[in-house]
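K.L.:
Contents are mmCIF, C-alpha atoms; file name data-v4.cif:
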data_work
#
loop_
_atom_site.label_atom_id
_atom_site.label_comp_id
_atom_site.auth_asym_id
_atom_site.auth_seq_id
_atom_site.Cartn_x
_atom_site.Cartn_y
_atom_site.Cartn_z
CA MET T 1145 63.74 109.36 86.23
CA ILE T 1146 63.24 110.11 89.91
CA PHE T 1147 60.71 107.87 91.61
CA LEU T 1148 60.99 109.40 95.10
CA ASN T 1149 61.84 112.84 96.42
CA PRO T 1150 63.24 112.31 99.94
CA LYS T 1151 63.41 116.03 100.73
CA GLU T 1152 59.71 116.53 99.89
CA ILE T 1153 58.77 113.58 102.10
CA LEU T 1154 60.95 114.74 105.00
CA ASP T 1155 59.50 118.26 104.73
CA GLN T 1156 56.08 116.78 105.56
CA LEU T 1157 57.31 115.31 108.86
CA ASP T 1158 57.44 117.20 112.14
CA LEU T 1159 61.22 117.11 112.56
CA LYS T 1160 63.39 119.11 114.92
CA ASP T 1161 67.00 119.79 114.02
CA ASP T 1162 68.40 118.00 117.11
CA MET T 1163 66.59 114.69 116.55
CA SER T 1164 68.35 111.38 116.07
CA ALA T 1165 67.27 109.14 113.20
CA ALA T 1166 68.03 105.84 111.51
CA GLU T 1167 67.59 104.90 107.88
CA PHE T 1168 67.05 101.16 107.52
CA GLY T 1169 68.34 99.81 104.21
CA ALA T 1170 70.27 103.04 103.70
CA GLY T 1171 72.21 101.91 100.65
CA SER T 1172 74.00 104.95 99.29
CA GLY T 1173 71.96 107.28 101.51
CA SER T 1174 68.98 108.52 99.52
CA PHE T 1175 67.33 109.51 102.81
CA SER T 1176 70.39 109.63 105.12
CA ILE T 1177 72.00 112.59 103.33
CA PRO T 1178 68.85 114.81 103.28
CA LEU T 1179 68.05 113.70 106.85
CA ALA T 1180 71.52 114.68 108.06
CA LYS T 1181 71.12 118.10 106.43
CA LYS T 1182 67.68 118.59 108.01
CA LEU T 1183 68.76 117.30 111.44
CA ASP T 1184 71.93 119.36 111.45
CA GLU T 1185 72.22 119.30 115.26
CA GLY T 1186 71.18 115.65 115.47
CA LEU T 1187 72.64 112.34 114.37
CA VAL T 1188 71.67 109.98 111.55
CA TYR T 1189 72.49 106.28 111.51
CA ALA T 1190 72.69 104.88 108.00
CA ILE T 1191 72.22 101.10 108.31
CA ASP T 1192 72.55 98.51 105.57
CA VAL T 1193 73.74 94.94 105.14
CA GLN T 1194 75.78 95.75 102.01
CA THR T 1195 79.26 97.24 102.30
CA GLU T 1196 79.66 98.82 98.87
CA PRO T 1197 76.73 101.28 98.98
CA LEU T 1198 77.67 102.28 102.54
CA SER T 1199 81.18 103.03 101.34
CA ALA T 1200 79.72 105.25 98.60
CA LEU T 1201 77.56 106.96 101.25
CA LYS T 1202 80.63 107.68 103.41
CA GLY T 1203 82.38 109.24 100.42
CA ARG T 1204 79.37 111.34 99.48
CA ALA T 1205 78.91 112.57 103.07
CA LYS T 1206 82.59 113.52 103.27
CA GLN T 1207 82.41 115.29 99.90
CA GLU T 1208 79.36 117.29 101.04
CA GLY T 1209 80.92 118.10 104.42
CA ILE T 1210 78.27 116.18 106.38
CA LYS T 1211 79.60 115.08 109.75
CA ASN T 1212 76.46 113.84 111.55
CA ILE T 1213 76.06 110.47 109.78
CA ARG T 1214 77.22 107.20 111.33
CA VAL T 1215 77.40 104.32 108.88
CA LEU T 1216 76.59 100.88 110.30
CA ARG T 1217 76.79 97.61 108.43
CA SER T 1218 74.30 95.20 109.97
CA ASN T 1219 71.55 92.72 109.27
CA LEU T 1220 68.27 94.26 110.43
CA GLU T 1221 66.48 90.91 110.23
CA LYS T 1222 68.52 89.61 113.18
CA GLN T 1223 67.59 90.32 116.80
CA LYS T 1224 69.05 93.71 117.85
CA GLY T 1225 70.32 93.86 114.26
CA SER T 1226 70.93 97.61 114.18
CA SER T 1227 73.30 97.37 117.17
CA LEU T 1228 71.80 100.63 118.46
CA GLN T 1229 70.67 101.09 122.05
CA SER T 1230 67.01 100.48 122.86
CA GLU T 1231 64.88 103.64 122.81
CA SER T 1232 67.75 105.72 121.42
CA VAL T 1233 66.35 107.40 118.28
CA ASP T 1234 63.44 109.71 117.49
CA LEU T 1235 62.81 108.60 113.90
CA VAL T 1236 63.21 105.43 111.84
CA VAL T 1237 62.80 105.62 108.06
CA ILE T 1238 62.41 102.39 106.06
CA PRO T 1239 62.40 103.37 102.38
CA ASN T 1240 62.04 100.78 99.60
CA MET T 1241 63.36 97.94 101.69
CA LEU T 1242 60.56 95.83 103.11
CA PHE T 1243 59.42 94.52 99.72
CA GLN T 1244 62.69 92.59 99.45
CA ALA T 1245 63.09 91.51 103.08
CA GLU T 1246 62.36 87.96 104.16
CA ASP T 1247 61.42 88.83 107.76
CA LYS T 1248 59.56 92.13 107.53
CA GLY T 1249 58.24 91.75 111.08
CA ALA T 1250 61.78 91.50 112.49
CA ILE T 1251 62.76 94.75 110.78
CA ILE T 1252 59.68 96.59 112.09
CA SER T 1253 60.36 95.12 115.57
CA GLU T 1254 63.92 96.44 115.43
CA GLY T 1255 62.52 99.86 114.55
CA SER T 1256 60.22 99.66 117.56
CA ARG T 1257 63.07 98.57 119.85
CA ILE T 1258 65.33 101.50 119.00
CA LEU T 1259 62.60 104.16 118.86
CA LYS T 1260 61.94 106.31 121.89
CA SER T 1261 58.40 106.35 123.25
CA GLY T 1262 56.41 108.62 120.95
CA GLY T 1263 58.98 108.13 118.18
CA ILE T 1264 58.11 108.16 114.48
CA LEU T 1265 58.31 105.22 112.08
CA VAL T 1266 58.09 106.01 108.36
CA ILE T 1267 57.56 103.20 105.87
CA ILE T 1268 57.90 103.97 102.18
CA ASP T 1269 57.48 101.21 99.64
CA TRP T 1270 56.26 100.38 96.16
CA ARG T 1271 52.52 100.61 95.51
CA LYS T 1272 50.86 97.42 94.39
CA GLY T 1273 49.77 97.74 90.79
CA SER T 1274 52.12 100.61 89.87
CA SER T 1275 53.76 100.22 86.47
CA LYS T 1276 57.31 100.75 87.78
CA GLY T 1277 59.37 98.92 90.36
CA PRO T 1278 60.01 95.33 91.34
CA GLU T 1279 57.60 92.43 90.91
CA GLU T 1280 57.58 91.65 94.63
CA ARG T 1281 55.61 94.17 96.71
CA PHE T 1282 54.78 94.82 100.37
CA SER T 1283 51.39 96.48 100.19
CA ARG T 1284 50.20 99.47 102.17
CA GLU T 1285 47.68 97.21 103.95
CA GLU T 1286 50.39 94.70 104.86
CA ALA T 1287 52.57 97.54 106.19
CA VAL T 1288 49.74 98.86 108.37
CA LYS T 1289 48.91 95.41 109.73
CA ALA T 1290 52.57 94.52 110.42
CA SER T 1291 53.27 97.86 112.13
CA GLU T 1292 50.11 97.86 114.24
CA SER T 1293 50.93 94.31 115.38
CA LYS T 1294 54.23 95.71 116.75
CA GLY T 1295 52.45 98.42 118.76
CA PHE T 1296 52.52 101.32 116.29
CA ARG T 1297 49.53 103.46 115.46
CA ILE T 1298 49.15 105.04 112.06
CA GLU T 1299 49.27 108.82 112.18
CA LYS T 1300 49.06 109.90 108.55
CA GLU T 1301 49.84 109.07 104.97
CA ILE T 1302 52.13 111.29 102.93
CA ASP T 1303 52.03 111.65 99.16
CA ALA T 1304 55.17 109.93 97.90
CA GLY T 1305 54.33 110.07 94.20
CA LYS T 1306 52.53 107.67 91.92
CA TYR T 1307 54.80 104.66 92.47
CA HIS T 1308 55.11 104.62 96.27
CA TYR T 1309 53.06 104.93 99.43
CA CYS T 1310 54.41 106.59 102.57
CA LEU T 1311 52.97 105.78 105.98
CA VAL T 1312 53.81 107.61 109.21
CA PHE T 1313 53.36 105.70 112.47
CA ARG T 1314 53.83 106.71 116.10
CA LYS T 1315 55.22 104.41 118.78
#
The structure in this file should be written as structure tokens.
P.N.:
Amino acid sequence: MIFLNPKEILDQLDLKDDMSAAEFGAGSGSFSIPLAKKLDEGLVYAIDVQTEPLSALKGRAKQEGIKNIRVLRSNLEKQKGSSLQSESVDLVVIPNMLFQAEDKGAIISEGSRILKSGGILVIIDWRKGSSKGPEERFSREEAVKASESKGFRIEKEIDAGKYHYCLVFRK
């Protein structure tokens, strides 16, 4: 059963093929792979704290002939955790990660730090009250409040299916 369709979500964003992007909590690349295909003249940073899924992502990218993904193992809850330059990317996607993070504010701050002025932050997470997914949730309202406190303004909400919300913010 597919809970999220990354391609459908990405199709609803105003993306240009030469943009740079980062997927926080990339795991095996559920968003990194479709992002790299969509931003074929750009660069995608797939960032996660776990080695094994990133290794799987590298293999999958190689198998599919995708050359514009850079895999980074880092802890996004630490200051400058992504290791990327400040104001260096156009888009940060945080799918299904914040519900399990201890310091959600630090992760959103890191997104703000690396985003260029006018950059896009996308937060996708489990809806409160949905019948599927983990017990622990980071609600839509909490995501809006946390992001606005870091200087983002909400731009729109995208339909991400019945189990998730998807919020698009602008820096």
K.L.:
Please write as an MDAnalysis selection string the full residue list that the PyMOL selection byres ((chain T and resi 1309) around 6) yields on this file.
P.N.:
chainID T and resid 1268:1269 1271 1304 1308 1310
K.L.:
Nearest residue to T:Gly1273 out of T:Val1193, T:Leu1242, T:Lys1289, T:Tyr1307, using all atoms listed in the file?
P.N.:
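Nearest candidate to T:Gly1273 out of T:Val1193, T:Leu1242, T:Lys1289, T:Tyr1307: T:Tyr1307.
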K.L.:
For atom CA of T:Ile1210 and atom CA of T:Pro1178, quote the distance in Å rounded to one decimal.
P.N.:
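Atom-to-atom, atom CA of T:Ile1210 and atom CA of T:Pro1178 are spaced 10.0 Å apart.
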K.L.:
Pull out every residue that the PyMOL selection byres ((chain T and resi 1218-1220) around 6) matches in the shown coordinates and put them as a list in words.
P.N.:
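Expected selection for the PyMOL selection byres ((chain T and resi 1218-1220) around 6) here is Asp1192, Val1193, Arg1217, Glu1221, Lys1222, Gly1225, Ser1226 and Ile1251 of chain T.
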K.L.:
Based on the selection just made, write C-alpha atoms of those residues as a PDB file, keeping the file's coordinate frame.
P.N.:
ATOM      1  CA  ASP T1192      72.550  98.510 105.570  1.00  0.00           C
ATOM      2  CA  VAL T1193      73.740  94.940 105.140  1.00  0.00           C
ATOM      3  CA  ARG T1217      76.790  97.610 108.430  1.00  0.00           C
ATOM      4  CA  GLU T1221      66.480  90.910 110.230  1.00  0.00           C
ATOM      5  CA  LYS T1222      68.520  89.610 113.180  1.00  0.00           C
ATOM      6  CA  GLY T1225      70.320  93.860 114.260  1.00  0.00           C
ATOM      7  CA  SER T1226      70.930  97.610 114.180  1.00  0.00           C
ATOM      8  CA  ILE T1251      62.760  94.750 110.780  1.00  0.00           C
TER       9      ILE T1251
END
K.L.:
Residues proximal to (57.8, 99.6, 115.0) were defined as those with any atom within 7 Å of that point in the file's coordinates, counting only C-alpha atoms. Which are they, as a PDB file with C-alpha atoms, in the coordinates of the input?
P.N.:
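File part_27.pdb, as written:
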ATOM      1  CA  ILE T1252      59.680  96.590 112.090  1.00  0.00           C
ATOM      2  CA  SER T1253      60.360  95.120 115.570  1.00  0.00           C
ATOM      3  CA  GLU T1254      63.920  96.440 115.430  1.00  0.00           C
ATOM      4  CA  GLY T1255      62.520  99.860 114.550  1.00  0.00           C
ATOM      5  CA  SER T1256      60.220  99.660 117.560  1.00  0.00           C
ATOM      6  CA  LEU T1265      58.310 105.220 112.080  1.00  0.00           C
ATOM      7  CA  SER T1291      53.270  97.860 112.130  1.00  0.00           C
ATOM      8  CA  LYS T1294      54.230  95.710 116.750  1.00  0.00           C
ATOM      9  CA  GLY T1295      52.450  98.420 118.760  1.00  0.00           C
ATOM     10  CA  PHE T1296      52.520 101.320 116.290  1.00  0.00           C
ATOM     11  CA  LYS T1315      55.220 104.410 118.780  1.00  0.00           C
TER      12      LYS T1315
END
K.L.:
For this file, the PyMOL selection byres ((chain T and resi 1175) around 9) selects which residues, as a VMD selection string?
P.N.:
chain T and resid 1150 to 1151 1154 1167 1170 1172 to 1174 1176 to 1180 1190 1237 1239
K.L.:
Atoms are missing here; could stretch 1163-1194 of chain T be completed with N, CA and C atoms and written as an mmCIF file, in the coordinates of the input?
P.N.:
data_model
loop_
_atom_site.group_PDB
_atom_site.id
_atom_site.type_symbol
_atom_site.label_atom_id
_atom_site.label_comp_id
_atom_site.auth_asym_id
_atom_site.auth_seq_id
_atom_site.Cartn_x
_atom_site.Cartn_y
_atom_site.Cartn_z
ATOM 1 N N MET T 1163 67.065 116.067 116.439
ATOM 2 C CA MET T 1163 66.590 114.690 116.550
ATOM 3 C C MET T 1163 67.670 113.698 116.103
ATOM 4 N N SER T 1164 67.511 112.461 116.565
ATOM 5 C CA SER T 1164 68.350 111.380 116.070
ATOM 6 C C SER T 1164 67.464 110.479 115.207
ATOM 7 N N ALA T 1165 68.052 109.932 114.146
ATOM 8 C CA ALA T 1165 67.270 109.140 113.200
ATOM 9 C C ALA T 1165 68.091 107.969 112.689
ATOM 10 N N ALA T 1166 67.383 106.985 112.155
ATOM 11 C CA ALA T 1166 68.030 105.840 111.510
ATOM 12 C C ALA T 1166 67.338 105.581 110.191
ATOM 13 N N GLU T 1167 68.126 105.357 109.156
ATOM 14 C CA GLU T 1167 67.590 104.900 107.880
ATOM 15 C C GLU T 1167 67.916 103.429 107.755
ATOM 16 N N PHE T 1168 66.883 102.600 107.702
ATOM 17 C CA PHE T 1168 67.050 101.160 107.520
ATOM 18 C C PHE T 1168 67.146 100.877 106.020
ATOM 19 N N GLY T 1169 68.144 100.087 105.626
ATOM 20 C CA GLY T 1169 68.340 99.810 104.210
ATOM 21 C C GLY T 1169 68.846 101.067 103.512
ATOM 22 N N ALA T 1170 69.806 101.723 104.143
ATOM 23 C CA ALA T 1170 70.270 103.040 103.700
ATOM 24 C C ALA T 1170 70.901 103.033 102.317
ATOM 25 N N GLY T 1171 71.525 101.929 101.941
ATOM 26 C CA GLY T 1171 72.210 101.910 100.650
ATOM 27 C C GLY T 1171 73.183 103.060 100.551
ATOM 28 N N SER T 1172 73.081 103.825 99.471
ATOM 29 C CA SER T 1172 74.000 104.950 99.290
ATOM 30 C C SER T 1172 73.464 106.245 99.893
ATOM 31 N N GLY T 1173 72.393 106.151 100.695
ATOM 32 C CA GLY T 1173 71.960 107.280 101.510
ATOM 33 C C GLY T 1173 70.913 108.192 100.913
ATOM 34 N N SER T 1174 69.989 107.652 100.147
ATOM 35 C CA SER T 1174 68.980 108.520 99.520
ATOM 36 C C SER T 1174 68.185 109.315 100.552
ATOM 37 N N PHE T 1175 67.988 108.754 101.743
ATOM 38 C CA PHE T 1175 67.330 109.510 102.810
ATOM 39 C C PHE T 1175 68.335 109.996 103.856
ATOM 40 N N SER T 1176 69.412 109.262 104.082
ATOM 41 C CA SER T 1176 70.390 109.630 105.120
ATOM 42 C C SER T 1176 70.998 111.010 104.877
ATOM 43 N N ILE T 1177 71.371 111.290 103.645
ATOM 44 C CA ILE T 1177 72.000 112.590 103.330
ATOM 45 C C ILE T 1177 71.005 113.738 103.578
ATOM 46 N N PRO T 1178 69.789 113.706 102.996
ATOM 47 C CA PRO T 1178 68.850 114.810 103.280
ATOM 48 C C PRO T 1178 68.450 114.872 104.758
ATOM 49 N N LEU T 1179 68.368 113.716 105.414
ATOM 50 C CA LEU T 1179 68.050 113.700 106.850
ATOM 51 C C LEU T 1179 69.144 114.402 107.651
ATOM 52 N N ALA T 1180 70.391 114.080 107.335
ATOM 53 C CA ALA T 1180 71.520 114.680 108.060
ATOM 54 C C ALA T 1180 71.543 116.198 107.866
ATOM 55 N N LYS T 1181 71.166 116.652 106.680
ATOM 56 C CA LYS T 1181 71.120 118.100 106.430
ATOM 57 C C LYS T 1181 69.981 118.739 107.225
ATOM 58 N N LYS T 1182 68.857 118.063 107.291
ATOM 59 C CA LYS T 1182 67.680 118.590 108.010
ATOM 60 C C LYS T 1182 67.890 118.547 109.525
ATOM 61 N N LEU T 1183 68.507 117.473 110.007
ATOM 62 C CA LEU T 1183 68.760 117.300 111.440
ATOM 63 C C LEU T 1183 70.196 117.714 111.738
ATOM 64 N N ASP T 1184 70.538 118.931 111.399
ATOM 65 C CA ASP T 1184 71.930 119.360 111.450
ATOM 66 C C ASP T 1184 72.535 119.392 112.850
ATOM 67 N N GLU T 1185 71.702 119.392 113.884
ATOM 68 C CA GLU T 1185 72.220 119.300 115.260
ATOM 69 C C GLU T 1185 72.017 117.900 115.831
ATOM 70 N N GLY T 1186 71.455 117.014 115.029
ATOM 71 C CA GLY T 1186 71.180 115.650 115.470
ATOM 72 C C GLY T 1186 72.176 114.662 114.881
ATOM 73 N N LEU T 1187 71.773 113.404 114.862
ATOM 74 C CA LEU T 1187 72.640 112.340 114.370
ATOM 75 C C LEU T 1187 71.809 111.363 113.553
ATOM 76 N N VAL T 1188 72.358 110.925 112.431
ATOM 77 C CA VAL T 1188 71.670 109.980 111.550
ATOM 78 C C VAL T 1188 72.507 108.714 111.435
ATOM 79 N N TYR T 1189 71.858 107.580 111.690
ATOM 80 C CA TYR T 1189 72.490 106.280 111.510
ATOM 81 C C TYR T 1189 72.037 105.716 110.174
ATOM 82 N N ALA T 1190 72.979 105.473 109.303
ATOM 83 C CA ALA T 1190 72.690 104.880 108.000
ATOM 84 C C ALA T 1190 73.043 103.393 108.104
ATOM 85 N N ILE T 1191 72.023 102.528 108.036
ATOM 86 C CA ILE T 1191 72.220 101.100 108.310
ATOM 87 C C ILE T 1191 71.871 100.283 107.081
ATOM 88 N N ASP T 1192 72.785 99.402 106.705
ATOM 89 C CA ASP T 1192 72.550 98.510 105.570
ATOM 90 C C ASP T 1192 73.406 97.269 105.743
ATOM 91 N N VAL T 1193 73.008 96.201 105.066
ATOM 92 C CA VAL T 1193 73.740 94.940 105.140
ATOM 93 C C VAL T 1193 74.870 94.903 104.102
ATOM 94 N N GLN T 1194 74.791 95.758 103.090
ATOM 95 C CA GLN T 1194 75.780 95.750 102.010
ATOM 96 C C GLN T 1194 76.872 96.791 102.250
#
